[in-house]
file input-v6.txt (compact mmCIF, all heavy atoms)
# COMPACT_ATOMS: atom_id res chain seq x y z
N MET Q 1 3.70 61.13 22.09
CA MET Q 1 3.87 60.93 20.67
C MET Q 1 5.34 60.85 20.32
O MET Q 1 6.15 61.54 20.88
CB MET Q 1 3.25 62.09 19.91
CG MET Q 1 1.80 61.98 19.73
SD MET Q 1 1.30 63.22 18.53
CE MET Q 1 -0.42 63.04 18.71
N GLY Q 2 5.64 60.04 19.35
CA GLY Q 2 7.01 59.89 18.90
C GLY Q 2 7.26 60.66 17.62
O GLY Q 2 6.38 61.33 17.08
N ILE Q 3 8.46 60.54 17.14
CA ILE Q 3 8.84 61.25 15.92
C ILE Q 3 7.97 60.82 14.75
O ILE Q 3 7.73 61.59 13.83
CB ILE Q 3 10.33 61.03 15.61
CG1 ILE Q 3 10.78 61.98 14.51
CG2 ILE Q 3 10.62 59.59 15.23
CD1 ILE Q 3 12.26 62.05 14.32
N CYS Q 4 7.46 59.60 14.79
CA CYS Q 4 6.70 59.07 13.66
C CYS Q 4 5.42 59.86 13.39
O CYS Q 4 5.00 59.96 12.26
CB CYS Q 4 6.33 57.62 13.90
SG CYS Q 4 7.76 56.55 14.04
N ASN Q 5 4.81 60.41 14.40
CA ASN Q 5 3.58 61.14 14.16
C ASN Q 5 3.56 62.53 14.77
O ASN Q 5 2.56 63.20 14.66
CB ASN Q 5 2.35 60.34 14.59
CG ASN Q 5 2.55 59.58 15.86
OD1 ASN Q 5 3.64 59.50 16.37
ND2 ASN Q 5 1.50 58.98 16.35
N ALA Q 6 4.65 62.99 15.33
CA ALA Q 6 4.62 64.31 15.95
C ALA Q 6 5.56 65.31 15.29
O ALA Q 6 5.32 66.50 15.36
CB ALA Q 6 4.97 64.19 17.43
N HIS Q 7 6.62 64.86 14.68
CA HIS Q 7 7.61 65.79 14.15
C HIS Q 7 7.03 66.55 12.97
O HIS Q 7 6.63 65.97 11.97
CB HIS Q 7 8.87 65.02 13.72
CG HIS Q 7 10.05 65.91 13.54
ND1 HIS Q 7 10.18 66.75 12.46
CD2 HIS Q 7 11.13 66.12 14.31
CE1 HIS Q 7 11.30 67.42 12.56
NE2 HIS Q 7 11.90 67.05 13.69
N PRO Q 8 6.95 67.89 13.06
CA PRO Q 8 6.27 68.68 12.03
C PRO Q 8 6.92 68.57 10.66
O PRO Q 8 6.23 68.66 9.65
CB PRO Q 8 6.35 70.12 12.55
CG PRO Q 8 7.41 70.11 13.59
CD PRO Q 8 7.47 68.71 14.13
N ASN Q 9 8.22 68.34 10.59
CA ASN Q 9 8.87 68.24 9.29
C ASN Q 9 8.63 66.90 8.60
O ASN Q 9 8.95 66.75 7.44
CB ASN Q 9 10.38 68.47 9.43
CG ASN Q 9 10.69 69.90 9.83
OD1 ASN Q 9 9.97 70.82 9.50
ND2 ASN Q 9 11.77 70.07 10.57
N LEU Q 10 8.07 65.93 9.32
CA LEU Q 10 7.83 64.62 8.74
C LEU Q 10 6.36 64.33 8.50
O LEU Q 10 6.04 63.33 7.90
CB LEU Q 10 8.43 63.52 9.63
CG LEU Q 10 9.95 63.50 9.73
CD1 LEU Q 10 10.40 62.44 10.73
CD2 LEU Q 10 10.59 63.26 8.38
N GLN Q 11 5.48 65.18 8.96
CA GLN Q 11 4.06 64.93 8.79
C GLN Q 11 3.71 64.84 7.31
O GLN Q 11 4.01 65.74 6.53
CB GLN Q 11 3.23 66.00 9.48
CG GLN Q 11 3.31 65.88 10.99
CD GLN Q 11 2.48 66.93 11.71
OE1 GLN Q 11 2.01 67.88 11.11
NE2 GLN Q 11 2.31 66.75 12.99
N GLY Q 12 3.11 63.71 6.94
CA GLY Q 12 2.73 63.48 5.56
C GLY Q 12 3.86 62.94 4.70
O GLY Q 12 3.64 62.56 3.56
N ARG Q 13 5.07 62.88 5.22
CA ARG Q 13 6.23 62.38 4.46
C ARG Q 13 6.55 60.97 4.97
O ARG Q 13 7.58 60.72 5.57
CB ARG Q 13 7.40 63.33 4.61
CG ARG Q 13 7.14 64.68 3.96
CD ARG Q 13 8.20 65.70 4.21
NE ARG Q 13 9.55 65.16 4.02
CZ ARG Q 13 10.61 65.75 4.55
NH1 ARG Q 13 10.50 66.84 5.28
NH2 ARG Q 13 11.81 65.24 4.35
N TYR Q 14 5.65 60.05 4.66
CA TYR Q 14 5.74 58.71 5.22
C TYR Q 14 7.00 57.98 4.77
O TYR Q 14 7.59 57.24 5.55
CB TYR Q 14 4.49 57.91 4.85
CG TYR Q 14 3.23 58.56 5.36
CD1 TYR Q 14 2.26 59.04 4.49
CD2 TYR Q 14 3.02 58.71 6.74
CE1 TYR Q 14 1.11 59.65 4.96
CE2 TYR Q 14 1.88 59.32 7.21
CZ TYR Q 14 0.92 59.79 6.33
OH TYR Q 14 -0.20 60.39 6.80
N SER Q 15 7.42 58.18 3.54
CA SER Q 15 8.61 57.48 3.06
C SER Q 15 9.86 57.95 3.79
O SER Q 15 10.83 57.21 3.90
CB SER Q 15 8.77 57.66 1.55
OG SER Q 15 8.94 59.02 1.22
N ASP Q 16 9.85 59.19 4.28
CA ASP Q 16 10.98 59.70 5.07
C ASP Q 16 10.88 59.26 6.54
O ASP Q 16 11.89 58.99 7.18
CB ASP Q 16 11.04 61.23 5.01
CG ASP Q 16 11.35 61.75 3.63
OD1 ASP Q 16 12.03 61.04 2.86
OD2 ASP Q 16 10.92 62.87 3.31
N ALA Q 17 9.68 59.21 7.06
CA ALA Q 17 9.48 58.91 8.47
C ALA Q 17 9.62 57.42 8.77
O ALA Q 17 10.13 57.05 9.84
CB ALA Q 17 8.11 59.40 8.93
N GLU Q 18 9.20 56.57 7.84
CA GLU Q 18 9.18 55.14 8.13
C GLU Q 18 10.55 54.57 8.50
O GLU Q 18 10.66 53.84 9.50
CB GLU Q 18 8.58 54.36 6.97
CG GLU Q 18 8.40 52.89 7.31
CD GLU Q 18 7.60 52.13 6.27
OE1 GLU Q 18 7.35 52.66 5.17
OE2 GLU Q 18 7.24 50.99 6.57
N PRO Q 19 11.63 54.88 7.77
CA PRO Q 19 12.94 54.34 8.19
C PRO Q 19 13.36 54.78 9.59
O PRO Q 19 13.98 54.01 10.33
CB PRO Q 19 13.91 54.88 7.14
CG PRO Q 19 13.07 55.23 5.96
CD PRO Q 19 11.73 55.61 6.51
N LEU Q 20 13.00 56.00 9.97
CA LEU Q 20 13.33 56.48 11.32
C LEU Q 20 12.55 55.70 12.37
O LEU Q 20 13.10 55.37 13.43
CB LEU Q 20 13.04 57.98 11.43
CG LEU Q 20 13.86 58.88 10.52
CD1 LEU Q 20 13.37 60.32 10.64
CD2 LEU Q 20 15.33 58.78 10.84
N CYS Q 21 11.30 55.43 12.07
CA CYS Q 21 10.47 54.66 13.01
C CYS Q 21 10.97 53.24 13.14
O CYS Q 21 11.00 52.69 14.25
CB CYS Q 21 9.02 54.67 12.54
SG CYS Q 21 8.24 56.28 12.63
N ILE Q 22 11.37 52.65 12.03
CA ILE Q 22 11.92 51.28 12.07
C ILE Q 22 13.20 51.25 12.88
O ILE Q 22 13.39 50.36 13.72
CB ILE Q 22 12.15 50.76 10.63
CG1 ILE Q 22 10.80 50.55 9.94
CG2 ILE Q 22 12.96 49.48 10.65
CD1 ILE Q 22 10.91 50.29 8.45
N GLU Q 23 14.06 52.23 12.67
CA GLU Q 23 15.32 52.28 13.42
C GLU Q 23 15.06 52.45 14.91
O GLU Q 23 15.69 51.78 15.75
CB GLU Q 23 16.19 53.42 12.90
CG GLU Q 23 17.54 53.49 13.58
CD GLU Q 23 18.42 54.58 13.03
OE1 GLU Q 23 18.00 55.34 12.14
OE2 GLU Q 23 19.57 54.68 13.50
N ALA Q 24 14.13 53.33 15.26
CA ALA Q 24 13.80 53.55 16.67
C ALA Q 24 13.27 52.26 17.30
O ALA Q 24 13.64 51.91 18.43
CB ALA Q 24 12.78 54.67 16.81
N LEU Q 25 12.43 51.54 16.57
CA LEU Q 25 11.88 50.30 17.08
C LEU Q 25 12.98 49.26 17.27
O LEU Q 25 13.04 48.58 18.30
CB LEU Q 25 10.80 49.76 16.13
CG LEU Q 25 10.22 48.39 16.47
CD1 LEU Q 25 9.60 48.39 17.86
CD2 LEU Q 25 9.21 47.99 15.41
N GLU Q 26 13.86 49.13 16.29
CA GLU Q 26 14.95 48.16 16.40
C GLU Q 26 15.87 48.45 17.59
O GLU Q 26 16.26 47.54 18.32
CB GLU Q 26 15.76 48.13 15.10
CG GLU Q 26 15.00 47.51 13.95
CD GLU Q 26 15.71 47.65 12.61
OE1 GLU Q 26 16.71 48.40 12.52
OE2 GLU Q 26 15.25 47.02 11.65
N ILE Q 27 16.19 49.72 17.79
CA ILE Q 27 17.04 50.09 18.93
C ILE Q 27 16.33 49.79 20.24
O ILE Q 27 16.92 49.23 21.18
CB ILE Q 27 17.43 51.58 18.84
CG1 ILE Q 27 18.38 51.80 17.65
CG2 ILE Q 27 18.07 52.06 20.15
CD1 ILE Q 27 18.61 53.26 17.31
N ALA Q 28 15.06 50.13 20.32
CA ALA Q 28 14.30 49.88 21.55
C ALA Q 28 14.23 48.38 21.84
O ALA Q 28 14.38 47.96 22.99
CB ALA Q 28 12.90 50.48 21.44
N GLU Q 29 14.00 47.58 20.80
CA GLU Q 29 13.93 46.13 21.02
C GLU Q 29 15.27 45.58 21.54
O GLU Q 29 15.28 44.74 22.43
CB GLU Q 29 13.55 45.42 19.71
CG GLU Q 29 12.10 45.61 19.35
CD GLU Q 29 11.71 44.99 18.02
OE1 GLU Q 29 12.60 44.77 17.17
OE2 GLU Q 29 10.51 44.76 17.84
N GLN Q 30 16.36 46.08 20.99
CA GLN Q 30 17.68 45.61 21.41
C GLN Q 30 18.02 46.04 22.83
O GLN Q 30 18.58 45.27 23.61
CB GLN Q 30 18.76 46.13 20.46
CG GLN Q 30 18.70 45.55 19.08
CD GLN Q 30 19.64 46.26 18.12
OE1 GLN Q 30 20.33 47.21 18.48
NE2 GLN Q 30 19.66 45.80 16.87
N ARG Q 31 17.70 47.28 23.15
CA ARG Q 31 18.16 47.84 24.44
C ARG Q 31 17.15 47.66 25.57
O ARG Q 31 17.55 47.55 26.72
CB ARG Q 31 18.48 49.31 24.27
CG ARG Q 31 19.65 49.49 23.31
CD ARG Q 31 20.24 50.84 23.37
NE ARG Q 31 21.38 50.90 22.47
CZ ARG Q 31 21.96 51.99 22.08
NH1 ARG Q 31 21.50 53.15 22.50
NH2 ARG Q 31 22.98 51.97 21.27
N LEU Q 32 15.87 47.67 25.22
CA LEU Q 32 14.85 47.62 26.27
C LEU Q 32 14.10 46.30 26.31
O LEU Q 32 13.49 45.98 27.33
CB LEU Q 32 13.83 48.76 26.05
CG LEU Q 32 14.40 50.17 26.02
CD1 LEU Q 32 13.32 51.17 25.64
CD2 LEU Q 32 15.03 50.53 27.35
N GLY Q 33 14.10 45.58 25.19
CA GLY Q 33 13.33 44.34 25.11
C GLY Q 33 12.01 44.57 24.39
O GLY Q 33 11.49 45.68 24.33
N ALA Q 34 11.49 43.49 23.82
CA ALA Q 34 10.29 43.58 22.99
C ALA Q 34 9.04 43.99 23.75
O ALA Q 34 8.12 44.56 23.16
CB ALA Q 34 10.06 42.24 22.29
N ASN Q 35 8.99 43.72 25.04
CA ASN Q 35 7.77 43.98 25.80
C ASN Q 35 7.83 45.24 26.66
O ASN Q 35 6.91 45.49 27.44
CB ASN Q 35 7.42 42.77 26.66
CG ASN Q 35 7.07 41.58 25.82
OD1 ASN Q 35 6.36 41.70 24.82
ND2 ASN Q 35 7.57 40.42 26.18
N HIS Q 36 8.89 46.01 26.53
CA HIS Q 36 9.01 47.25 27.30
C HIS Q 36 7.96 48.25 26.79
O HIS Q 36 7.68 48.31 25.59
CB HIS Q 36 10.41 47.83 27.13
CG HIS Q 36 10.70 48.98 28.04
ND1 HIS Q 36 10.29 50.26 27.75
CD2 HIS Q 36 11.35 49.04 29.22
CE1 HIS Q 36 10.68 51.07 28.73
NE2 HIS Q 36 11.33 50.33 29.64
N PRO Q 37 7.37 49.05 27.68
CA PRO Q 37 6.33 50.00 27.26
C PRO Q 37 6.78 50.95 26.14
O PRO Q 37 6.01 51.24 25.23
CB PRO Q 37 6.00 50.76 28.54
CG PRO Q 37 6.34 49.81 29.64
CD PRO Q 37 7.52 49.02 29.14
N LYS Q 38 8.00 51.43 26.18
CA LYS Q 38 8.47 52.33 25.11
C LYS Q 38 8.61 51.59 23.78
O LYS Q 38 8.30 52.13 22.74
CB LYS Q 38 9.79 52.99 25.50
CG LYS Q 38 9.64 54.03 26.58
CD LYS Q 38 10.66 55.12 26.38
CE LYS Q 38 10.48 56.16 27.46
NZ LYS Q 38 9.72 57.29 27.05
N THR Q 39 9.06 50.35 23.84
CA THR Q 39 9.17 49.55 22.62
C THR Q 39 7.79 49.33 22.01
O THR Q 39 7.61 49.45 20.79
CB THR Q 39 9.84 48.19 22.92
OG1 THR Q 39 11.10 48.43 23.53
CG2 THR Q 39 10.03 47.38 21.65
N ILE Q 40 6.83 49.05 22.85
CA ILE Q 40 5.46 48.86 22.38
C ILE Q 40 4.94 50.14 21.74
O ILE Q 40 4.29 50.11 20.69
CB ILE Q 40 4.56 48.38 23.54
CG1 ILE Q 40 4.98 46.97 23.97
CG2 ILE Q 40 3.09 48.43 23.16
CD1 ILE Q 40 4.39 46.50 25.27
N THR Q 41 5.26 51.28 22.33
CA THR Q 41 4.85 52.56 21.76
C THR Q 41 5.47 52.77 20.39
O THR Q 41 4.78 53.20 19.45
CB THR Q 41 5.23 53.72 22.71
OG1 THR Q 41 4.54 53.55 23.94
CG2 THR Q 41 4.88 55.07 22.10
N TYR Q 42 6.76 52.47 20.25
CA TYR Q 42 7.41 52.61 18.94
C TYR Q 42 6.76 51.70 17.91
O TYR Q 42 6.56 52.09 16.76
CB TYR Q 42 8.91 52.31 19.04
CG TYR Q 42 9.71 53.35 19.78
CD1 TYR Q 42 10.61 52.98 20.76
CD2 TYR Q 42 9.57 54.70 19.50
CE1 TYR Q 42 11.36 53.92 21.45
CE2 TYR Q 42 10.32 55.65 20.18
CZ TYR Q 42 11.21 55.25 21.15
OH TYR Q 42 11.94 56.19 21.82
N ARG Q 43 6.43 50.48 18.32
CA ARG Q 43 5.77 49.54 17.41
C ARG Q 43 4.40 50.06 16.99
O ARG Q 43 4.03 50.02 15.81
CB ARG Q 43 5.65 48.17 18.08
CG ARG Q 43 5.17 47.07 17.15
CD ARG Q 43 5.15 45.69 17.82
NE ARG Q 43 6.46 45.33 18.34
CZ ARG Q 43 6.75 45.21 19.64
NH1 ARG Q 43 5.84 45.43 20.56
NH2 ARG Q 43 7.97 44.89 20.02
N GLU Q 44 3.65 50.59 17.94
CA GLU Q 44 2.33 51.14 17.64
C GLU Q 44 2.43 52.36 16.73
O GLU Q 44 1.61 52.56 15.84
CB GLU Q 44 1.59 51.48 18.93
CG GLU Q 44 1.19 50.25 19.72
CD GLU Q 44 0.67 50.56 21.11
OE1 GLU Q 44 0.82 51.71 21.59
OE2 GLU Q 44 0.13 49.63 21.73
N ASN Q 45 3.45 53.19 16.96
CA ASN Q 45 3.66 54.36 16.10
C ASN Q 45 3.95 53.93 14.67
O ASN Q 45 3.43 54.53 13.71
CB ASN Q 45 4.81 55.22 16.62
CG ASN Q 45 4.44 56.00 17.86
OD1 ASN Q 45 3.28 56.16 18.20
ND2 ASN Q 45 5.45 56.48 18.56
N LEU Q 46 4.77 52.91 14.49
CA LEU Q 46 5.08 52.42 13.16
C LEU Q 46 3.83 51.86 12.49
O LEU Q 46 3.58 52.12 11.31
CB LEU Q 46 6.19 51.36 13.23
CG LEU Q 46 6.61 50.73 11.91
CD1 LEU Q 46 7.09 51.78 10.90
CD2 LEU Q 46 7.69 49.68 12.15
N GLU Q 47 3.05 51.12 13.23
CA GLU Q 47 1.80 50.58 12.69
C GLU Q 47 0.85 51.70 12.28
O GLU Q 47 0.22 51.64 11.21
CB GLU Q 47 1.13 49.66 13.70
CG GLU Q 47 1.90 48.37 13.93
CD GLU Q 47 1.40 47.58 15.13
OE1 GLU Q 47 0.46 48.03 15.82
OE2 GLU Q 47 1.97 46.50 15.39
N ALA Q 48 0.76 52.74 13.10
CA ALA Q 48 -0.11 53.88 12.78
C ALA Q 48 0.39 54.61 11.53
O ALA Q 48 -0.41 55.00 10.67
CB ALA Q 48 -0.17 54.84 13.97
N LEU Q 49 1.70 54.78 11.42
CA LEU Q 49 2.26 55.42 10.25
C LEU Q 49 1.91 54.64 9.00
O LEU Q 49 1.49 55.21 7.99
CB LEU Q 49 3.79 55.52 10.40
CG LEU Q 49 4.51 56.14 9.22
CD1 LEU Q 49 5.53 57.15 9.71
CD2 LEU Q 49 5.19 55.08 8.39
N ARG Q 50 2.03 53.32 9.06
CA ARG Q 50 1.72 52.48 7.90
C ARG Q 50 0.24 52.52 7.56
O ARG Q 50 -0.12 52.55 6.38
CB ARG Q 50 2.20 51.06 8.15
CG ARG Q 50 3.71 50.97 8.12
CD ARG Q 50 4.22 49.60 8.43
NE ARG Q 50 5.67 49.52 8.19
CZ ARG Q 50 6.44 48.56 8.63
NH1 ARG Q 50 5.94 47.59 9.38
NH2 ARG Q 50 7.74 48.57 8.38
N ARG Q 51 -0.62 52.57 8.57
CA ARG Q 51 -2.07 52.71 8.31
C ARG Q 51 -2.37 54.05 7.64
O ARG Q 51 -3.14 54.12 6.69
CB ARG Q 51 -2.86 52.59 9.61
CG ARG Q 51 -3.16 51.19 10.04
CD ARG Q 51 -4.21 51.15 11.14
NE ARG Q 51 -3.89 52.03 12.27
CZ ARG Q 51 -3.12 51.71 13.29
NH1 ARG Q 51 -2.58 50.52 13.38
NH2 ARG Q 51 -2.90 52.56 14.27
N ASN Q 52 -1.77 55.12 8.17
CA ASN Q 52 -2.01 56.45 7.61
C ASN Q 52 -1.50 56.57 6.19
O ASN Q 52 -2.09 57.26 5.36
CB ASN Q 52 -1.36 57.53 8.49
CG ASN Q 52 -2.07 57.70 9.81
OD1 ASN Q 52 -3.26 57.42 9.92
ND2 ASN Q 52 -1.35 58.13 10.82
N ARG Q 53 -0.40 55.92 5.90
CA ARG Q 53 0.17 55.95 4.55
C ARG Q 53 -0.78 55.31 3.55
O ARG Q 53 -0.90 55.75 2.42
CB ARG Q 53 1.51 55.21 4.54
CG ARG Q 53 2.18 55.21 3.18
CD ARG Q 53 3.43 54.41 3.17
NE ARG Q 53 3.13 53.04 3.51
CZ ARG Q 53 4.01 52.16 3.97
NH1 ARG Q 53 5.23 52.54 4.21
NH2 ARG Q 53 3.66 50.93 4.24
N GLN Q 54 -1.50 54.29 3.99
CA GLN Q 54 -2.43 53.59 3.11
C GLN Q 54 -3.74 54.33 2.91
O GLN Q 54 -4.48 54.03 1.99
CB GLN Q 54 -2.68 52.19 3.64
CG GLN Q 54 -1.46 51.30 3.60
CD GLN Q 54 -1.67 49.98 4.30
OE1 GLN Q 54 -2.69 49.76 4.94
NE2 GLN Q 54 -0.70 49.09 4.19
N SER Q 55 -4.01 55.29 3.76
CA SER Q 55 -5.29 56.03 3.68
C SER Q 55 -5.32 56.97 2.49
O SER Q 55 -4.38 57.52 2.06
CB SER Q 55 -5.51 56.86 4.94
OG SER Q 55 -5.53 56.04 6.06
call {"tool": "encode", "arguments": {"input": "input-v6.txt", "output": "structure tokens"}}
result
Amino acid sequence: MGICNAHPNLQGRYSDAEPLCIEALEIAEQRLGANHPKTITYRENLEALRRNRQS
């Protein structure tokens, strides 16, 4: 689990967590590439955060 869904201080605080998840994804894409497993995990975490925010 990443910071997007595991950090106890951010749980339920989607507006605070989303910029961190976006930043993590952007860094991973730049340094690791779009298809790296960690980049994919960051992308999935961001998608999950956005789904949970809409619930």
call {"tool": "atom_distance", "arguments": {"input": "input-v6.txt", "atom1": "CA of Ala17 in chain Q", "atom2": "CA of Gln30 in chain Q"}}
result
20.3 Å
call {"tool": "atom_distance", "arguments": {"input": "input-v6.txt", "atom1": "CA of Ala28 in chain Q", "atom2": "CA of Tyr42 in chain Q"}}
result
7.9 Å
call {"tool": "residues_around", "arguments": {"input": "input-v6.txt", "residues": "Leu49 in chain Q", "least_positions_apart": "4", "cutoff": "9 Å", "atoms": "only C-alpha atoms", "output": "compact mmCIF listing (two decimals) with all heavy atoms, in the frame of the given file"}}
result
# COMPACT_ATOMS: atom_id res chain seq x y z
N CYS Q 4 7.46 59.60 14.79
CA CYS Q 4 6.70 59.07 13.66
C CYS Q 4 5.42 59.86 13.39
O CYS Q 4 5.00 59.96 12.26
CB CYS Q 4 6.33 57.62 13.90
SG CYS Q 4 7.76 56.55 14.04
N ASN Q 5 4.81 60.41 14.40
CA ASN Q 5 3.58 61.14 14.16
C ASN Q 5 3.56 62.53 14.77
O ASN Q 5 2.56 63.20 14.66
CB ASN Q 5 2.35 60.34 14.59
CG ASN Q 5 2.55 59.58 15.86
OD1 ASN Q 5 3.64 59.50 16.37
ND2 ASN Q 5 1.50 58.98 16.35
N TYR Q 14 5.65 60.05 4.66
CA TYR Q 14 5.74 58.71 5.22
C TYR Q 14 7.00 57.98 4.77
O TYR Q 14 7.59 57.24 5.55
CB TYR Q 14 4.49 57.91 4.85
CG TYR Q 14 3.23 58.56 5.36
CD1 TYR Q 14 2.26 59.04 4.49
CD2 TYR Q 14 3.02 58.71 6.74
CE1 TYR Q 14 1.11 59.65 4.96
CE2 TYR Q 14 1.88 59.32 7.21
CZ TYR Q 14 0.92 59.79 6.33
OH TYR Q 14 -0.20 60.39 6.80
N ALA Q 17 9.68 59.21 7.06
CA ALA Q 17 9.48 58.91 8.47
C ALA Q 17 9.62 57.42 8.77
O ALA Q 17 10.13 57.05 9.84
CB ALA Q 17 8.11 59.40 8.93
N GLU Q 18 9.20 56.57 7.84
CA GLU Q 18 9.18 55.14 8.13
C GLU Q 18 10.55 54.57 8.50
O GLU Q 18 10.66 53.84 9.50
CB GLU Q 18 8.58 54.36 6.97
CG GLU Q 18 8.40 52.89 7.31
CD GLU Q 18 7.60 52.13 6.27
OE1 GLU Q 18 7.35 52.66 5.17
OE2 GLU Q 18 7.24 50.99 6.57
N CYS Q 21 11.30 55.43 12.07
CA CYS Q 21 10.47 54.66 13.01
C CYS Q 21 10.97 53.24 13.14
O CYS Q 21 11.00 52.69 14.25
CB CYS Q 21 9.02 54.67 12.54
SG CYS Q 21 8.24 56.28 12.63
N GLU Q 44 3.65 50.59 17.94
CA GLU Q 44 2.33 51.14 17.64
C GLU Q 44 2.43 52.36 16.73
O GLU Q 44 1.61 52.56 15.84
CB GLU Q 44 1.59 51.48 18.93
CG GLU Q 44 1.19 50.25 19.72
CD GLU Q 44 0.67 50.56 21.11
OE1 GLU Q 44 0.82 51.71 21.59
OE2 GLU Q 44 0.13 49.63 21.73
N ASN Q 45 3.45 53.19 16.96
CA ASN Q 45 3.66 54.36 16.10
C ASN Q 45 3.95 53.93 14.67
O ASN Q 45 3.43 54.53 13.71
CB ASN Q 45 4.81 55.22 16.62
CG ASN Q 45 4.44 56.00 17.86
OD1 ASN Q 45 3.28 56.16 18.20
ND2 ASN Q 45 5.45 56.48 18.56
N ARG Q 53 -0.40 55.92 5.90
CA ARG Q 53 0.17 55.95 4.55
C ARG Q 53 -0.78 55.31 3.55
O ARG Q 53 -0.90 55.75 2.42
CB ARG Q 53 1.51 55.21 4.54
CG ARG Q 53 2.18 55.21 3.18
CD ARG Q 53 3.43 54.41 3.17
NE ARG Q 53 3.13 53.04 3.51
CZ ARG Q 53 4.01 52.16 3.97
NH1 ARG Q 53 5.23 52.54 4.21
NH2 ARG Q 53 3.66 50.93 4.24
N GLN Q 54 -1.50 54.29 3.99
CA GLN Q 54 -2.43 53.59 3.11
C GLN Q 54 -3.74 54.33 2.91
O GLN Q 54 -4.48 54.03 1.99
CB GLN Q 54 -2.68 52.19 3.64
CG GLN Q 54 -1.46 51.30 3.60
CD GLN Q 54 -1.67 49.98 4.30
OE1 GLN Q 54 -2.69 49.76 4.94
NE2 GLN Q 54 -0.70 49.09 4.19
call {"tool": "atom_distance", "arguments": {"input": "input-v6.txt", "atom1": "CA of Ser15 in chain Q", "atom2": "CA of Thr39 in chain Q"}}
result
21.1 Å
call {"tool": "decode", "arguments": {"input": "input-v6.txt", "residues": "range 19-54 of chain Q", "atoms": "C-alpha atoms", "output": "mmCIF file, in the first residue's frame"}}
result
data_model
loop_
_atom_site.group_PDB
_atom_site.id
_atom_site.type_symbol
_atom_site.label_atom_id
_atom_site.label_comp_id
_atom_site.auth_asym_id
_atom_site.auth_seq_id
_atom_site.Cartn_x
_atom_site.Cartn_y
_atom_site.Cartn_z
ATOM 1 C CA PRO Q 19 -1.909 16.008 -4.663
ATOM 2 C CA LEU Q 20 0.606 13.703 -2.958
ATOM 3 C CA CYS Q 21 -0.567 10.765 -5.041
ATOM 4 C CA ILE Q 22 -0.360 12.803 -8.233
ATOM 5 C CA GLU Q 23 3.151 13.941 -7.366
ATOM 6 C CA ALA Q 24 4.253 10.379 -6.586
ATOM 7 C CA LEU Q 25 2.830 9.178 -9.896
ATOM 8 C CA GLU Q 26 4.524 11.958 -11.865
ATOM 9 C CA ILE Q 27 7.896 11.243 -10.256
ATOM 10 C CA ALA Q 28 7.550 7.516 -10.876
ATOM 11 C CA GLU Q 29 6.640 8.092 -14.519
ATOM 12 C CA GLN Q 30 9.665 10.339 -15.022
ATOM 13 C CA ARG Q 31 12.184 8.155 -13.219
ATOM 14 C CA LEU Q 32 10.888 4.635 -13.743
ATOM 15 C CA GLY Q 33 8.738 4.871 -16.865
ATOM 16 C CA ALA Q 34 5.009 4.516 -17.387
ATOM 17 C CA ASN Q 35 4.996 0.714 -17.410
ATOM 18 C CA HIS Q 36 7.163 0.052 -14.354
ATOM 19 C CA PRO Q 37 5.338 -1.999 -11.678
ATOM 20 C CA LYS Q 38 5.712 0.737 -9.040
ATOM 21 C CA THR Q 39 4.379 3.362 -11.441
ATOM 22 C CA ILE Q 40 1.392 1.166 -12.159
ATOM 23 C CA THR Q 41 0.814 0.798 -8.416
ATOM 24 C CA TYR Q 42 0.881 4.576 -7.934
ATOM 25 C CA ARG Q 43 -1.591 4.981 -10.803
ATOM 26 C CA GLU Q 44 -3.901 2.349 -9.308
ATOM 27 C CA ASN Q 45 -3.662 4.003 -5.889
ATOM 28 C CA LEU Q 46 -4.680 7.346 -7.380
ATOM 29 C CA GLU Q 47 -7.592 5.735 -9.199
ATOM 30 C CA ALA Q 48 -8.712 4.028 -5.981
ATOM 31 C CA LEU Q 49 -8.477 7.292 -4.060
ATOM 32 C CA ARG Q 50 -10.650 9.014 -6.670
ATOM 33 C CA ARG Q 51 -13.204 6.179 -6.564
ATOM 34 C CA ASN Q 52 -13.336 6.306 -2.763
ATOM 35 C CA ARG Q 53 -13.753 10.079 -2.802
ATOM 36 C CA GLN Q 54 -16.829 9.698 -4.994
#
